[in-house]
Amino acid sequence: MLQEKLLEPVDLSHHLSQIARARAPSPLKDLQRYYGKPGIISLAGGLPHPDYFPFASVGGDALVPNSFPLSSPKESSSLSWLWNLISGRKEHTIPFQIPKYAAKLGELNLSETLQYNMASGAPLLQSFIKDFTEKVYRPAHKNYATLVHTGNTDGWGKVVTTLCNPGEGVLASEYTYPSAMSMMLPHGIKAVAVPLDGQGMRSDALRTLLSEWDESLRGMPRPHVLYTVPVGQNPTGTTTQSARKQEIYDICVEFDVIIVEDDPYYFLQHKPYSLPADRTTCSNGASDDEEYISQLVPSYLRFDHQGRVIRLDSFSKTIAPGCRMGWFTCNPIFAERLERQSETTTQGPCGFSQAFVVKLMLEWQYKGYLRWLKALCMQYQRRRDFFIDCLHEHFTLELSMNATGIWEGVPVYVASLKSGKGLKSEIRGPPMFSFTPPSAGMFIWLNLIFEHHPSFSTIGHKALEMRLWIALAEAGVLFGPGYMFAADSAADDEGETHDTGHFRISFSNAEYEDMKKAIVIFSFVLREFYNNVVY
């Protein structure tokens with residue numbers, strides 16, 4: 001493989017906020033660079049003595065990286081999913097132990113990991129994420145930096161205050177992760193919504209918005225930061241492909257915009273959904289690690305020859321959310337400011353989390369972690385397929401390839417209630433909702449079709465969305481109400497800015513039988529909700 005010529009990142013320091021420019025190194029953290037100097041006697045820091053840490057060692061049993069299969073067999077019925085779940089597969093594990101003190105130089109130990117540490121992360125963890133980033137994401141500029149954070153939500157909070165001043169705006173998809181938008185509001189930073197299609201944020205809409213920006217009409221300067229969840233977009237489940245990413249990156253270069261790539265679902269990229277009758281044995285299709293990586297949609301880092309991408313990675317979806325640990329990959333100018341912020345706020349992630357994750361990676365190694373990620377994706381793909389199969393059982397789903405709006409360019413199923421007690425009749429009522437099978441992630445985004453409801457013309461979609469949501473909750477099923485994901489209504493309790501209702505449904509956590517039961521309840525509640533509709 002020819003060595004790719006990498007460019008130096010450009011100077012983007014003018015994007016730093018006033019508060020970021022004002023940050024100085026923590027005086028205490030400045031001392032840490034001397035702590036490891038051989039022979040030095042440190043009486044400077046307020047470090048507790050590790051003898052008094054009440055843990056002689058910690059340990060456990062980690063799953064082996066090939067605990068889950070790399071393929072799913074053709075399923076003959078929904079019951080086979082349950083059978084696979086309860087068939088008694090014995091878990092194979094690797095016992096591990098982390099001692100308080102290292103037996104040899106460089107060994108993972110609690111006396112160091114549980115001590116005050118650098119905000120950039122423990123050295124062994126830093127080494128792993130740097131190597132992983134290089135091999136998987138392959139940034140396109142020299143001298144990129146990696147440093148840890150305490151989960152992507154924390155990472156975004158640090159980024160937005162590092163780049164934006166009060167009164168500025170952030171470009172975001174019209175539907176997006178609500179906590180990211182809500183986090184900005186106390187800082188006087190507002191979301192600027194960009195329309196979506198079947199690949200996520202639309203590049204043509206982004207260009208139009210930036211080129212026609214009128215500061216006097218908008219009441220804020222043209223945004224210079226873009227927030228995006230490009231793989232398994234939360235909440236729509238769509239994925240931005242390479243060509244679209246290149247278009248968006250080029251626009252951001254032209255208009256001098258920083259891209260913040262929040263990508264927790266990157267390794268949950270699914271194969272296209274097919275009906276059970278058409279389904280064959282499914283695998284990730286990769287014969288080796290290089291082929292597996294080449295099949296993943298490239299990160300924005302692959303296009304980033306200028307250093308204007310800040311990527312947020314997380315262990316939450318691949319190891320466990322309770323780790324509260326992930327990492328930034330970015331231009332060293334931004335990394336240095338983010339580290340200064342962490343030094344006086346969160347510092348590094350919890351020492352126990354760092355110790356356990358590092359130990360797991362030392363046991364699995366790079367190849368073992370990739371093996372885990374390949375199989376993890378298959379498990380969530382099975383869950384997605386099962387959930388949609390359940391919808392097929394209770395609704396008539398008509399496939400369309402001519403959708404517009406947020407589903408433009410992707411296959412869409414339009415769902416109608418089946419007629420009759422037996423639910424076998426092909427006679428069906430009016431359409432109730434539509435959706436596209438997510439290409440990645442953990443969610444299905446339902447577009448609720450309320451035009452046929454008797455009260456639609458009088459109370460509108462928002463009131464109907466909430467009435468239906470409450471009816472479902474009282475019947476025992478919780479979905480995510482769509483209004484909370486609208487970027488341009490995060491600051492507006494009214495939020496009446498879209499012409500349809502939505503639910504975000506997670507297929508990632510519930511047991512299979514509970515998902516089946518939820519769909520039964522959903523279909524029953526919909527019948528009651530539309531009880532005045534004449535078929």
# chains A, B, ... in the order shown; residues from 1 in each chain; ligands from 1
call {"tool": "closest_atom_pairs", "arguments": {"of": "region 260-332 of chain A", "to": "region 253-256 of chain A", "cutoff": "12 Å", "atoms": "only C-alpha atoms", "output": "JSON lines"}}
result
{"residue": "A:Phe303", "atom": "CA", "partner": "A:Val253", "partner_atom": "CA", "distance": 10.9}
{"residue": "A:Asp304", "atom": "CA", "partner": "A:Val253", "partner_atom": "CA", "distance": 9.5}
{"residue": "A:His305", "atom": "CA", "partner": "A:Val253", "partner_atom": "CA", "distance": 10.0}
{"residue": "A:Gln306", "atom": "CA", "partner": "A:Val253", "partner_atom": "CA", "distance": 8.3}
{"residue": "A:Gly307", "atom": "CA", "partner": "A:Val253", "partner_atom": "CA", "distance": 10.3}
{"residue": "A:Arg308", "atom": "CA", "partner": "A:Val253", "partner_atom": "CA", "distance": 8.2}
{"residue": "A:Val309", "atom": "CA", "partner": "A:Val253", "partner_atom": "CA", "distance": 10.6}
call {"tool": "select_by_dssp", "arguments": {"residues": "region 179-330 of chain A", "states": "alpha helix (DSSP H)", "output": "VMD selection string"}}
result
chain A and resid 179 to 184 203 to 211 215 to 218 242 to 254 289 to 295
call {"tool": "write_last_selection", "arguments": {"atoms": "C-alpha atoms", "output": "PDB file, in the first residue's frame"}}
result
ATOM      1  CA  SER A 179     -29.058  16.765  24.743  1.00  0.00           C
ATOM      2  CA  ALA A 180     -26.461  18.251  22.399  1.00  0.00           C
ATOM      3  CA  MET A 181     -28.806  21.094  21.517  1.00  0.00           C
ATOM      4  CA  SER A 182     -30.056  21.678  25.064  1.00  0.00           C
ATOM      5  CA  MET A 183     -26.497  21.850  26.370  1.00  0.00           C
ATOM      6  CA  MET A 184     -25.833  24.966  24.275  1.00  0.00           C
ATOM      7  CA  SER A 203     -25.185  19.377   1.311  1.00  0.00           C
ATOM      8  CA  ASP A 204     -27.239  21.524  -1.092  1.00  0.00           C
ATOM      9  CA  ALA A 205     -29.297  22.921   1.781  1.00  0.00           C
ATOM     10  CA  LEU A 206     -26.133  23.587   3.769  1.00  0.00           C
ATOM     11  CA  ARG A 207     -24.575  25.527   0.901  1.00  0.00           C
ATOM     12  CA  THR A 208     -27.737  27.572   0.379  1.00  0.00           C
ATOM     13  CA  LEU A 209     -28.031  28.399   4.059  1.00  0.00           C
ATOM     14  CA  LEU A 210     -24.394  29.547   4.342  1.00  0.00           C
ATOM     15  CA  SER A 211     -24.240  31.437   1.053  1.00  0.00           C
ATOM     16  CA  GLU A 215     -26.701  38.463   9.812  1.00  0.00           C
ATOM     17  CA  SER A 216     -29.155  41.323  10.221  1.00  0.00           C
ATOM     18  CA  LEU A 217     -32.160  39.066   9.580  1.00  0.00           C
ATOM     19  CA  ARG A 218     -30.845  36.094  11.548  1.00  0.00           C
ATOM     20  CA  SER A 242     -18.547   9.130   1.342  1.00  0.00           C
ATOM     21  CA  ALA A 243     -19.565  11.374  -1.557  1.00  0.00           C
ATOM     22  CA  ARG A 244     -21.914  13.398   0.650  1.00  0.00           C
ATOM     23  CA  LYS A 245     -19.249  13.737   3.320  1.00  0.00           C
ATOM     24  CA  GLN A 246     -16.807  15.042   0.729  1.00  0.00           C
ATOM     25  CA  GLU A 247     -19.397  17.584  -0.445  1.00  0.00           C
ATOM     26  CA  ILE A 248     -20.074  18.778   3.094  1.00  0.00           C
ATOM     27  CA  TYR A 249     -16.368  18.939   3.909  1.00  0.00           C
ATOM     28  CA  ASP A 250     -15.652  21.009   0.796  1.00  0.00           C
ATOM     29  CA  ILE A 251     -18.470  23.420   1.709  1.00  0.00           C
ATOM     30  CA  CYS A 252     -17.038  23.738   5.222  1.00  0.00           C
ATOM     31  CA  VAL A 253     -13.623  24.547   3.771  1.00  0.00           C
ATOM     32  CA  GLU A 254     -15.176  27.178   1.498  1.00  0.00           C
ATOM     33  CA  ASP A 289      -9.615  -6.796   9.205  1.00  0.00           C
ATOM     34  CA  GLU A 290      -8.548  -4.585   6.315  1.00  0.00           C
ATOM     35  CA  GLU A 291     -11.586  -5.610   4.292  1.00  0.00           C
ATOM     36  CA  TYR A 292     -13.847  -5.003   7.290  1.00  0.00           C
ATOM     37  CA  ILE A 293     -12.491  -1.491   7.776  1.00  0.00           C
ATOM     38  CA  SER A 294     -12.768  -0.757   4.050  1.00  0.00           C
ATOM     39  CA  GLN A 295     -16.489  -1.660   4.139  1.00  0.00           C
TER      40      GLN A 295
END
call {"tool": "residues_around", "arguments": {"residues": "Glu363 (chain A)", "least_positions_apart": "4", "cutoff": "12 Å", "atoms": "only C-alpha atoms", "output": "list in words"}}
result
Asp61, Ala62, Leu63, Val64, Pro65, Thr93, Ile94, Pro95, Phe96, Gln97, Ile98, Leu108, Phe356, Val357, Val358, Lys359, Lys367, Gly368 and Tyr369 of chain A
call {"tool": "atom_distance", "arguments": {"atom1": "CA of Glu474 (chain A)", "atom2": "CA of Ile444 (chain A)"}}
result
21.3 Å
call {"tool": "residues_around", "arguments": {"residues": "Pro481 (chain A)", "least_positions_apart": "3", "cutoff": "8 Å", "atoms": "only C-alpha atoms", "output": "PyMOL selection string"}}
result
chain A and resi 465-466+469+484-485+502-504
call {"tool": "residues_around", "arguments": {"residues": "region 377-380 of chain A", "least_positions_apart": "4", "cutoff": "7 Å", "atoms": "only C-alpha atoms", "output": "count of residues only"}}
result
9
call {"tool": "residues_around", "arguments": {"residues": "region 387-397 of chain A", "least_positions_apart": "2", "cutoff": "7 Å", "atoms": "only C-alpha atoms", "output": "NGL selection string"}}
result
:A and (383-385 or 399 or 413-418 or 507 or 515-516 or 519 or 523)
call {"tool": "residues_around", "arguments": {"residues": "Asn152 (chain A)", "least_positions_apart": "4", "cutoff": "8 Å", "atoms": "only C-alpha atoms", "output": "list in words"}}
result
Trp156, Asp262, Pro264, Leu312, Asp313, Ser314, Met325, Gly326 and Trp327 of chain A
call {"tool": "select_by_dssp", "arguments": {"residues": "region 99-344 of chain A", "states": "strand (DSSP E)", "output": "ChimeraX atom specification"}}
result
/A:99,145-149,169-173,190-194,196-197,200-201,225-228,258-262,282-283,309-314,326-330
call {"tool": "closest_residue", "arguments": {"among": "A:Thr153, A:Thr161, A:Ser353, A:Thr280", "to": "Val229 (chain A)", "atoms": "only C-alpha atoms"}}
result
A:Thr153
call {"tool": "closest_residue", "arguments": {"among": "A:Arg279, A:Leu468, A:Phe315, A:Pro9", "to": "His141 (chain A)", "atoms": "only C-alpha atoms"}}
result
A:Pro9
call {"tool": "atom_distance", "arguments": {"atom1": "CA of Ile521 (chain A)", "atom2": "CA of Ala475 (chain A)"}}
result
7.1 Å
call {"tool": "atom_distance", "arguments": {"atom1": "CA of Lys190 (chain A)", "atom2": "CA of Asn165 (chain A)"}}
result
10.5 Å
call {"tool": "closest_residue", "arguments": {"among": "A:Lys317, A:Tyr175, A:Ala355, A:Gly348", "to": "Thr113 (chain A)", "atoms": "only C-alpha atoms"}}
result
A:Ala355
call {"tool": "decode", "arguments": {"residues": "region 89-114 of chain A", "atoms": "N, CA and C atoms", "output": "mmCIF file, in the first residue's frame"}}
result
data_model
loop_
_atom_site.group_PDB
_atom_site.id
_atom_site.type_symbol
_atom_site.label_atom_id
_atom_site.label_comp_id
_atom_site.auth_asym_id
_atom_site.auth_seq_id
_atom_site.Cartn_x
_atom_site.Cartn_y
_atom_site.Cartn_z
ATOM 1 N N ARG A 89 -26.437 -20.965 25.444
ATOM 2 C CA ARG A 89 -25.049 -20.818 25.028
ATOM 3 C C ARG A 89 -24.202 -20.431 26.230
ATOM 4 N N LYS A 90 -23.148 -21.206 26.475
ATOM 5 C CA LYS A 90 -22.277 -20.932 27.609
ATOM 6 C C LYS A 90 -21.283 -19.843 27.246
ATOM 7 N N GLU A 91 -21.130 -18.871 28.139
ATOM 8 C CA GLU A 91 -20.195 -17.787 27.886
ATOM 9 C C GLU A 91 -18.775 -18.224 28.219
ATOM 10 N N HIS A 92 -17.856 -17.920 27.308
ATOM 11 C CA HIS A 92 -16.450 -18.191 27.534
ATOM 12 C C HIS A 92 -15.788 -16.887 27.966
ATOM 13 N N THR A 93 -15.006 -16.954 29.022
ATOM 14 C CA THR A 93 -14.455 -15.746 29.608
ATOM 15 C C THR A 93 -12.947 -15.834 29.801
ATOM 16 N N ILE A 94 -12.353 -14.651 30.007
ATOM 17 C CA ILE A 94 -10.940 -14.518 30.327
ATOM 18 C C ILE A 94 -10.851 -13.890 31.714
ATOM 19 N N PRO A 95 -10.354 -14.624 32.714
ATOM 20 C CA PRO A 95 -10.187 -13.992 34.027
ATOM 21 C C PRO A 95 -9.028 -12.991 33.985
ATOM 22 N N PHE A 96 -9.192 -11.872 34.698
ATOM 23 C CA PHE A 96 -8.108 -10.897 34.750
ATOM 24 C C PHE A 96 -8.017 -10.285 36.132
ATOM 25 N N GLN A 97 -6.836 -9.794 36.451
ATOM 26 C CA GLN A 97 -6.582 -9.175 37.740
ATOM 27 C C GLN A 97 -5.679 -7.958 37.534
ATOM 28 N N ILE A 98 -6.017 -6.855 38.193
ATOM 29 C CA ILE A 98 -5.190 -5.650 38.139
ATOM 30 C C ILE A 98 -4.645 -5.410 39.539
ATOM 31 N N PRO A 99 -3.326 -5.529 39.750
ATOM 32 C CA PRO A 99 -2.752 -5.377 41.094
ATOM 33 C C PRO A 99 -2.627 -3.913 41.493
ATOM 34 N N LYS A 100 -2.454 -3.687 42.790
ATOM 35 C CA LYS A 100 -2.239 -2.319 43.252
ATOM 36 C C LYS A 100 -0.910 -1.788 42.750
ATOM 37 N N TYR A 101 0.145 -2.611 42.847
ATOM 38 C CA TYR A 101 1.472 -2.179 42.418
ATOM 39 C C TYR A 101 1.962 -3.047 41.272
ATOM 40 N N ALA A 102 2.693 -2.433 40.360
ATOM 41 C CA ALA A 102 3.202 -3.150 39.190
ATOM 42 C C ALA A 102 4.356 -4.060 39.585
ATOM 43 N N ALA A 103 4.361 -5.264 39.040
ATOM 44 C CA ALA A 103 5.473 -6.191 39.263
ATOM 45 C C ALA A 103 6.646 -5.872 38.348
ATOM 46 N N LYS A 104 6.345 -5.193 37.234
ATOM 47 C CA LYS A 104 7.409 -4.813 36.310
ATOM 48 C C LYS A 104 7.054 -3.467 35.683
ATOM 49 N N LEU A 105 8.047 -2.804 35.154
ATOM 50 C CA LEU A 105 7.872 -1.480 34.589
ATOM 51 C C LEU A 105 6.849 -1.504 33.451
ATOM 52 N N GLY A 106 5.906 -0.565 33.480
ATOM 53 C CA GLY A 106 4.917 -0.456 32.414
ATOM 54 C C GLY A 106 3.682 -1.307 32.605
ATOM 55 N N GLU A 107 3.623 -2.116 33.660
ATOM 56 C CA GLU A 107 2.453 -2.962 33.904
ATOM 57 C C GLU A 107 1.298 -2.118 34.452
ATOM 58 N N LEU A 108 0.105 -2.423 34.010
ATOM 59 C CA LEU A 108 -1.086 -1.741 34.493
ATOM 60 C C LEU A 108 -1.242 -1.984 35.988
ATOM 61 N N ASN A 109 -1.483 -0.921 36.743
ATOM 62 C CA ASN A 109 -1.607 -1.080 38.191
ATOM 63 C C ASN A 109 -2.501 0.012 38.759
ATOM 64 N N LEU A 110 -3.065 -0.261 39.938
ATOM 65 C CA LEU A 110 -4.016 0.658 40.556
ATOM 66 C C LEU A 110 -3.345 1.858 41.203
ATOM 67 N N SER A 111 -2.126 1.711 41.670
ATOM 68 C CA SER A 111 -1.462 2.836 42.334
ATOM 69 C C SER A 111 -1.303 4.014 41.393
ATOM 70 N N GLU A 112 -1.201 3.754 40.087
ATOM 71 C CA GLU A 112 -1.109 4.827 39.101
ATOM 72 C C GLU A 112 -2.471 5.175 38.513
ATOM 73 N N THR A 113 -3.265 4.151 38.181
ATOM 74 C CA THR A 113 -4.538 4.397 37.499
ATOM 75 C C THR A 113 -5.543 5.104 38.394
ATOM 76 N N LEU A 114 -5.536 4.792 39.699
ATOM 77 C CA LEU A 114 -6.488 5.414 40.619
ATOM 78 C C LEU A 114 -5.962 6.718 41.214
#
